[in-house]
Structures are given as C-alpha cells and as structure tokens.
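Pasting my_file-v8.txt here (compact mmCIF, C-alpha atoms):
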```
# COMPACT_ATOMS: atom_id res chain seq x y z
CA MET A 1 -58.27 -79.94 -31.20
CA ILE A 2 -56.30 -79.79 -34.44
CA SER A 3 -54.25 -82.81 -33.42
CA LYS A 4 -57.45 -84.73 -32.69
CA LEU A 5 -58.78 -83.84 -36.13
CA LEU A 6 -55.58 -84.93 -37.88
CA ALA A 7 -55.53 -88.21 -35.96
CA HIS A 8 -59.19 -88.77 -36.84
CA LEU A 9 -58.49 -88.34 -40.56
CA MET A 10 -55.23 -90.28 -40.90
CA PRO A 11 -56.78 -93.79 -41.05
CA LEU A 12 -59.15 -92.82 -43.89
CA GLY A 13 -56.65 -93.09 -46.73
CA ARG A 14 -58.01 -91.27 -49.77
CA VAL A 15 -60.87 -88.80 -49.25
CA ALA A 16 -63.09 -86.38 -51.13
CA VAL A 17 -64.14 -83.21 -49.33
CA ALA A 18 -67.49 -81.52 -49.95
CA TYR A 19 -65.96 -78.07 -50.29
CA SER A 20 -67.70 -74.70 -50.47
CA GLY A 21 -64.99 -72.21 -49.57
CA GLY A 22 -66.58 -71.57 -46.17
CA VAL A 23 -64.46 -71.84 -43.05
CA ASP A 24 -65.86 -75.24 -41.98
CA SER A 25 -65.21 -77.13 -45.21
CA THR A 26 -61.91 -75.30 -45.72
CA LEU A 27 -60.72 -76.47 -42.30
CA VAL A 28 -61.65 -80.06 -43.17
CA LEU A 29 -59.86 -79.72 -46.51
CA LYS A 30 -56.71 -78.26 -44.94
CA ALA A 31 -56.65 -80.90 -42.20
CA ALA A 32 -57.11 -83.67 -44.77
CA LEU A 33 -54.25 -82.28 -46.84
CA ASP A 34 -52.01 -82.15 -43.78
CA ALA A 35 -53.00 -85.60 -42.53
CA LEU A 36 -53.10 -87.50 -45.82
CA GLY A 37 -51.11 -85.51 -48.36
CA ASN A 38 -52.20 -83.70 -51.51
CA GLU A 39 -52.28 -86.83 -53.65
CA SER A 40 -54.86 -88.47 -51.38
CA VAL A 41 -57.33 -85.58 -51.20
CA VAL A 42 -59.70 -84.01 -53.71
CA ALA A 43 -61.96 -81.03 -53.05
CA LEU A 44 -65.37 -81.23 -54.72
CA LEU A 45 -67.28 -78.00 -55.32
CA ALA A 46 -70.94 -78.38 -56.29
CA VAL A 47 -71.91 -75.75 -58.85
CA SER A 48 -75.50 -74.67 -59.56
CA PRO A 49 -77.59 -71.48 -59.72
CA SER A 50 -77.89 -71.63 -55.91
CA LEU A 51 -74.16 -70.83 -55.57
CA PRO A 52 -73.27 -67.16 -56.09
CA GLN A 53 -70.56 -66.59 -58.68
CA SER A 54 -68.53 -64.60 -56.15
CA GLU A 55 -68.56 -67.54 -53.72
CA LYS A 56 -67.49 -69.89 -56.48
CA ASP A 57 -64.61 -67.64 -57.52
CA GLU A 58 -63.40 -67.25 -53.93
CA ALA A 59 -63.60 -71.01 -53.32
CA VAL A 60 -61.60 -71.79 -56.46
CA ALA A 61 -58.91 -69.26 -55.58
CA LEU A 62 -58.59 -70.55 -52.02
CA ALA A 63 -58.32 -74.19 -53.09
CA ARG A 64 -55.51 -73.23 -55.44
CA GLN A 65 -53.80 -71.32 -52.62
CA LEU A 66 -53.94 -74.46 -50.48
CA GLY A 67 -52.52 -76.53 -53.31
CA ALA A 68 -55.57 -78.80 -53.35
CA ARG A 69 -56.85 -80.68 -56.34
CA LEU A 70 -60.27 -79.21 -57.09
CA GLU A 71 -63.10 -80.61 -59.18
CA LEU A 72 -66.18 -78.55 -60.06
CA LEU A 73 -69.25 -80.77 -60.22
CA PRO A 74 -72.41 -79.36 -61.85
CA THR A 75 -75.47 -80.38 -59.87
CA GLU A 76 -79.05 -80.08 -61.06
CA GLU A 77 -81.10 -79.64 -57.93
CA THR A 78 -82.72 -76.48 -59.31
CA ASN A 79 -84.29 -78.59 -62.08
CA ASP A 80 -85.94 -80.94 -59.59
CA PRO A 81 -89.69 -80.16 -59.16
CA GLN A 82 -89.47 -81.27 -55.52
CA TYR A 83 -86.70 -78.74 -54.90
CA GLN A 84 -88.51 -76.02 -56.84
CA ALA A 85 -91.67 -76.57 -54.76
CA ASN A 86 -89.72 -75.22 -51.79
CA ALA A 87 -91.42 -77.15 -49.02
CA PRO A 88 -89.77 -77.08 -45.57
CA ASN A 89 -87.76 -80.17 -46.58
CA ARG A 90 -86.32 -78.51 -49.71
CA CYS A 91 -82.83 -78.86 -48.27
CA TYR A 92 -83.19 -82.64 -48.39
CA PHE A 93 -83.71 -82.66 -52.14
CA CYS A 94 -80.85 -80.19 -52.59
CA LYS A 95 -78.39 -82.23 -50.55
CA ASP A 96 -79.57 -85.46 -52.13
CA HIS A 97 -78.53 -84.12 -55.55
CA VAL A 98 -75.29 -82.62 -54.25
CA TYR A 99 -74.10 -85.50 -52.10
CA ARG A 100 -75.15 -88.05 -54.71
CA ALA A 101 -73.00 -86.27 -57.32
CA LEU A 102 -70.07 -86.18 -54.90
CA ARG A 103 -70.51 -89.82 -53.93
CA GLN A 104 -70.68 -90.88 -57.59
CA PHE A 105 -67.46 -88.99 -58.36
CA ALA A 106 -65.73 -90.56 -55.36
CA GLU A 107 -66.78 -94.09 -56.26
CA ALA A 108 -65.75 -93.62 -59.89
CA ASN A 109 -62.31 -92.62 -58.68
CA GLY A 110 -61.86 -95.31 -56.06
CA ILE A 111 -62.37 -93.01 -53.08
CA ALA A 112 -64.23 -94.61 -50.20
CA HIS A 113 -64.86 -91.60 -47.99
CA VAL A 114 -66.62 -88.29 -48.60
CA LEU A 115 -66.30 -85.67 -45.86
CA ASP A 116 -68.33 -82.54 -45.22
CA GLY A 117 -67.85 -79.55 -42.92
CA MET A 118 -70.84 -79.85 -40.61
CA ASN A 119 -69.86 -78.77 -37.10
CA ALA A 120 -71.41 -79.63 -33.75
CA GLU A 121 -73.67 -76.56 -33.73
CA ASP A 122 -75.17 -77.12 -37.18
CA THR A 123 -77.75 -79.53 -35.80
CA LEU A 124 -79.29 -76.80 -33.63
CA ASP A 125 -81.29 -75.39 -36.57
CA VAL A 126 -83.66 -77.11 -39.02
CA ARG A 127 -81.43 -79.27 -41.23
CA PRO A 128 -83.39 -81.66 -43.48
CA GLY A 129 -80.28 -82.16 -45.59
CA ARG A 130 -78.66 -84.21 -42.86
CA ALA A 131 -80.92 -87.13 -43.77
CA ALA A 132 -79.44 -87.14 -47.27
CA ALA A 133 -75.94 -87.05 -45.79
CA ARG A 134 -76.69 -90.07 -43.61
CA GLU A 135 -78.27 -92.00 -46.48
CA LEU A 136 -75.19 -91.44 -48.65
CA LYS A 137 -72.77 -92.14 -45.78
CA ILE A 138 -71.14 -88.73 -45.75
CA LEU A 139 -68.72 -88.31 -42.85
CA SER A 140 -68.72 -85.17 -40.67
CA PRO A 141 -65.46 -85.14 -38.70
CA LEU A 142 -65.98 -81.70 -37.12
CA HIS A 143 -69.36 -82.78 -35.78
CA ASP A 144 -68.07 -86.13 -34.59
CA LEU A 145 -65.22 -84.48 -32.67
CA GLY A 146 -67.47 -81.83 -31.11
CA PHE A 147 -66.08 -78.76 -32.90
CA SER A 148 -68.19 -75.69 -32.17
CA LYS A 149 -68.17 -72.77 -34.61
CA LYS A 150 -65.74 -71.01 -32.27
CA ASP A 151 -63.49 -74.06 -32.27
CA VAL A 152 -63.58 -74.13 -36.06
CA ARG A 153 -62.56 -70.49 -36.36
CA GLU A 154 -59.79 -70.83 -33.78
CA ALA A 155 -58.38 -73.90 -35.54
CA ALA A 156 -58.61 -72.22 -38.95
CA LYS A 157 -56.79 -69.16 -37.60
CA THR A 158 -54.07 -71.33 -36.04
CA LEU A 159 -53.56 -73.09 -39.37
CA GLY A 160 -53.30 -69.75 -41.16
CA LEU A 161 -56.42 -70.06 -43.26
CA PRO A 162 -57.25 -66.64 -44.74
CA ASN A 163 -61.00 -67.17 -44.41
CA TRP A 164 -60.95 -68.03 -40.69
CA ASP A 165 -63.25 -65.09 -39.92
CA LYS A 166 -65.38 -65.27 -43.06
CA PRO A 167 -69.08 -64.70 -42.28
CA ALA A 168 -71.30 -67.75 -42.51
CA ALA A 169 -72.94 -68.19 -45.89
CA ALA A 170 -75.88 -70.22 -47.13
CA CYS A 171 -77.29 -71.17 -50.51
CA LEU A 172 -79.35 -68.51 -52.25
CA ALA A 173 -82.52 -70.58 -51.89
CA SER A 174 -82.42 -69.96 -48.14
CA ARG A 175 -83.60 -66.40 -48.90
CA VAL A 176 -86.94 -67.62 -50.28
CA PRO A 177 -90.01 -68.26 -48.07
CA TYR A 178 -91.27 -71.82 -48.00
CA GLY A 179 -94.01 -72.33 -50.57
CA THR A 180 -92.57 -69.81 -53.04
CA SER A 181 -91.23 -71.65 -56.07
CA VAL A 182 -87.43 -71.55 -56.36
CA THR A 183 -86.24 -70.99 -59.93
CA PRO A 184 -82.87 -70.05 -61.45
CA LYS A 185 -84.34 -66.66 -62.44
CA LEU A 186 -85.34 -65.93 -58.84
CA LEU A 187 -81.97 -67.06 -57.50
CA SER A 188 -80.25 -64.79 -60.01
CA GLN A 189 -82.28 -61.81 -58.79
CA ILE A 190 -81.28 -62.47 -55.19
CA GLU A 191 -77.65 -62.92 -56.18
CA ARG A 192 -77.61 -59.59 -58.04
CA ALA A 193 -79.33 -57.87 -55.11
CA GLU A 194 -76.76 -59.06 -52.60
CA ALA A 195 -73.86 -58.31 -54.94
CA ALA A 196 -75.11 -54.72 -55.25
CA LEU A 197 -75.09 -54.35 -51.47
CA PHE A 198 -71.63 -55.87 -51.16
CA ASP A 199 -70.54 -53.16 -53.57
CA LEU A 200 -71.97 -50.62 -51.10
CA GLY A 201 -69.62 -51.94 -48.43
CA PHE A 202 -71.79 -54.39 -46.49
CA ARG A 203 -69.76 -57.50 -45.69
CA GLU A 204 -72.46 -59.60 -44.07
CA LEU A 205 -76.09 -59.55 -45.18
CA ARG A 206 -79.07 -61.44 -46.53
CA VAL A 207 -81.71 -60.23 -48.99
CA ARG A 208 -84.85 -62.21 -48.16
CA HIS A 209 -87.23 -62.42 -51.11
CA HIS A 210 -90.92 -61.74 -50.48
CA GLY A 211 -92.33 -61.20 -53.96
CA ASP A 212 -92.05 -57.49 -54.74
CA VAL A 213 -90.49 -56.87 -51.30
CA ALA A 214 -86.81 -57.27 -50.47
CA ARG A 215 -86.31 -57.70 -46.72
CA LEU A 216 -82.74 -56.79 -45.86
CA GLU A 217 -81.01 -58.38 -42.89
CA VAL A 218 -77.69 -56.96 -41.68
CA PRO A 219 -75.94 -57.38 -38.31
CA GLU A 220 -77.27 -55.11 -35.57
CA ALA A 221 -74.02 -53.14 -35.68
CA ASP A 222 -74.78 -52.21 -39.31
CA LEU A 223 -78.41 -51.16 -38.84
CA SER A 224 -77.64 -47.47 -38.38
CA ARG A 225 -75.35 -47.45 -41.42
CA ALA A 226 -78.05 -49.15 -43.48
CA LEU A 227 -80.49 -46.41 -42.50
CA GLN A 228 -77.95 -43.77 -43.43
CA GLN A 229 -77.52 -45.41 -46.83
CA ARG A 230 -81.21 -46.13 -47.32
CA GLU A 231 -81.43 -44.22 -50.58
CA GLU A 232 -78.48 -46.07 -52.12
CA ILE A 233 -79.83 -49.40 -50.86
CA THR A 234 -83.31 -48.69 -52.18
CA ASN A 235 -82.00 -47.71 -55.59
CA ALA A 236 -79.78 -50.78 -55.75
CA LEU A 237 -82.57 -53.22 -54.89
CA ARG A 238 -85.10 -51.52 -57.15
CA GLY A 239 -82.49 -51.80 -59.87
CA VAL A 240 -82.67 -55.60 -59.74
CA GLY A 241 -86.48 -55.72 -59.80
CA TYR A 242 -87.83 -55.15 -56.29
CA THR A 243 -90.60 -52.60 -55.81
CA TYR A 244 -90.37 -52.25 -52.04
CA VAL A 245 -87.36 -52.41 -49.72
CA SER A 246 -87.55 -53.10 -45.98
CA LEU A 247 -84.88 -53.27 -43.30
CA ASP A 248 -85.41 -56.02 -40.70
CA LEU A 249 -84.87 -54.34 -37.34
CA ALA A 250 -84.16 -57.69 -35.66
CA GLY A 251 -80.91 -57.85 -37.59
CA LEU A 252 -79.20 -60.72 -39.38
CA ARG A 253 -80.20 -64.21 -38.24
CA SER A 254 -78.98 -67.44 -39.72
CA GLY A 255 -81.94 -69.50 -40.89
CA SER A 256 -84.49 -66.77 -40.26
CA MET A 257 -86.83 -68.33 -42.82
CA ASN A 258 -87.19 -71.23 -40.38
CA GLU A 259 -88.73 -68.96 -37.74
CA VAL A 260 -92.15 -69.50 -39.24
CA LEU A 261 -91.75 -73.27 -38.82
CA LYS A 262 -90.78 -72.91 -35.18
CA ALA A 263 -93.72 -70.56 -34.56
CA ARG A 264 -96.15 -73.08 -36.04
CA SER A 265 -94.85 -75.88 -33.86
CA ALA A 266 -94.88 -73.82 -30.66
```
Representation of the structure as structure tokens:
Amino acid sequence: MISKLLAHLMPLGRVAVAYSGGVDSTLVLKAALDALGNESVVALLAVSPSLPQSEKDEAVALARQLGARLELLPTEETNDPQYQANAPNRCYFCKDHVYRALRQFAEANGIAHVLDGMNAEDTLDVRPGRAAARELKILSPLHDLGFSKKDVREAAKTLGLPNWDKPAAACLASRVPYGTSVTPKLLSQIERAEAALFDLGFRELRVRHHGDVARLEVPEADLSRALQQREEITNALRGVGYTYVSLDLAGLRSGSMNEVLKARSA
C-alpha cells in the first residue's frame, strides 16, 4: 500500500501536511517527503491549549528527525464561544479554526494542497470536524486509499517510523462531557492530571473530567495495575485539583464521551 500512497501523492506538487506527531499524520508526512522531496513539503503543527506540551515536544522532535520543514501555527479555537460551549459539534468549530489557519498559511505560500491523516476507520465514530475539512478542501489520502489503522501502523513500521506503535491520542477537550464549558484552565488541569499518571508508568490513558470527579480510563490489561497503584493515582489526581477519583472498569475507549450521544439516539 505504500507504493499506492506514493503514487497518489506524486502529482500534487507542493503540499502542506496537517501534522500532529501521531502515526497517521506522520505517515502522510513521510510519504509526502519521499514522493515529493523535502523542498516541496511543509508540516504544519497547530498549537493551542488543547495540545499537551509533551505531544508538541514529541512532534517537533520527530519532524526534525525526518528532516521536514516544520511550522508551528497558533490557533485560537479555545477563545471561540462556540467551541467553549462544548456542544456535540464542538469538533467542527475546533477544526474550522485549525484547518482555516493551515489553509491560510498554504495559500500565502503558494501551496495548493493541504493533507491530513484521517484514515478509513476514522469515520466510524462521531466526527463533526470532517465537515470543516470538506469545506476547506482538505485532502485525506489515507482515507481515500482505504488505509485502516492496521494498514497505517504496518506502513509506518515498514518505513521505519519510530512512532509506528504510538497509542492513539486526541485533543484534551475530548475528556470533557458535552455541555461543560471548555476553558484553557480546565484543559491545563486535565493535561497535568494525565502527565502525573504518565510519570507513574501508564503509557495509554485518558482522564475524563466530571467536575470534582476524575474518571480514569486505562486499557483492560492495566486495570489490575491501576488498582494496585490506587493510592498513588488518587494522590496524583487530587494534587491537580480533583476531589474524587474513579477507575472506569470498562477500560479505555476512544471517543467514550460520544457514548451518551449514541445512547440518546438509540
């Protein structure tokens, strides 16, 4: 499938890649570099309070390792009242800000095409941000070529990308229930909570914010370890401002905040 991806990208000329440091966008970036050359590709990293500092640092380091030109673009979605309201279509307002900033940069630099890393499985969950991508004519080569998440990881491994097995990540706002206002202060609390648990050795997790309650999601394989470390976890999360700490026995689920939407529509 790598050859198909390279052939798909070659006619595009100069491109900008919506880059996050995740395996999907890194694969697109690497393929674009291989197909078009370093001078024809720029990686664009959107920076806002919804992006953890650790993710930003890792993304910057990886882009440098790949030899890619990288531009950090501040976006202001967290200042948008429609984003802060955190309705079920919050992602639309987020992506509208992000993709608009990327598109403006591309046009100012004579770049016709902006690519993202959406794969063929990303449409299986609630994705309001896709409307913004379509409106701003963002291209999704992995989706168009039918790359599953497994395909993405296999291709990334074949190409020697160091993050080929990196756990899926999502913006910090995805930890907040719909209807709860999303503010930079709240995002900072969630970021500090998750950083504290990374320091305890958990590689994959989400801290879902429910007011005074932190609901911790870890993979099922880590549930017993989380229980064994419950005192350390409780102290860590109380240390960033939570009063109560719960462990979700269903384990880590991508997009678990959307479960309430699916239940309402059932």
Extract, using only C-alpha atoms, all DNA, RNA and protein residues at most 10 Å from Leu186 (chain A), discarding same-chain residues fewer than 2 positions from it, and format them as a list of chain:residue names.
->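 Using only C-alpha atoms, the neighbours found are A:Pro49, A:Ser50, A:Leu172, A:Ala173, A:Val176, A:Ser181, A:Val182, A:Thr183, A:Pro184, A:Ser188, A:Gln189, A:Ile190, A:Glu191, A:His209, A:Gly211.
For the set A:Pro141, A:Pro88, A:Thr78, A:Asp165, the residue with the smallest atom-to-atom gap to Lys185 (chain A) is A:Thr78, counting all atoms listed in the file.
Rounded to one decimal, CA of Arg225 (chain A) and CA of Leu200 (chain A) lie 10.7 Å from each other.
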Closest of A:Ser3, A:Asn86, A:Asn235, A:Ser20 to Leu51 (chain A) - atom-to-atom distances counting all atoms listed in the file |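 Checking each of A:Ser3, A:Asn86, A:Asn235, A:Ser20 against Leu51 (chain A), counting all atoms listed in the file, the winner is A:Ser20.
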How many Å lie between CA of Leu27 (chain A) and CA of Leu142 (chain A), rounded to one decimal?
->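 Separation between CA of Leu27 (chain A) and CA of Leu142 (chain A): 9.0 Å.
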Rank A:Asp96, A:Asp116, A:Glu107, A:Glu231 by their smallest atom-to-atom distance to Ala132 (chain A), using only C-alpha atoms, and report the top residue only.
-> A:Asp96
Selection: 8 Å around Lys149 (chain A), all atoms listed in the file, excl. self and same-chain fewer than 2 positions, as an MDAnalysis selection string = chainID A and resid 119:121 147 151:153
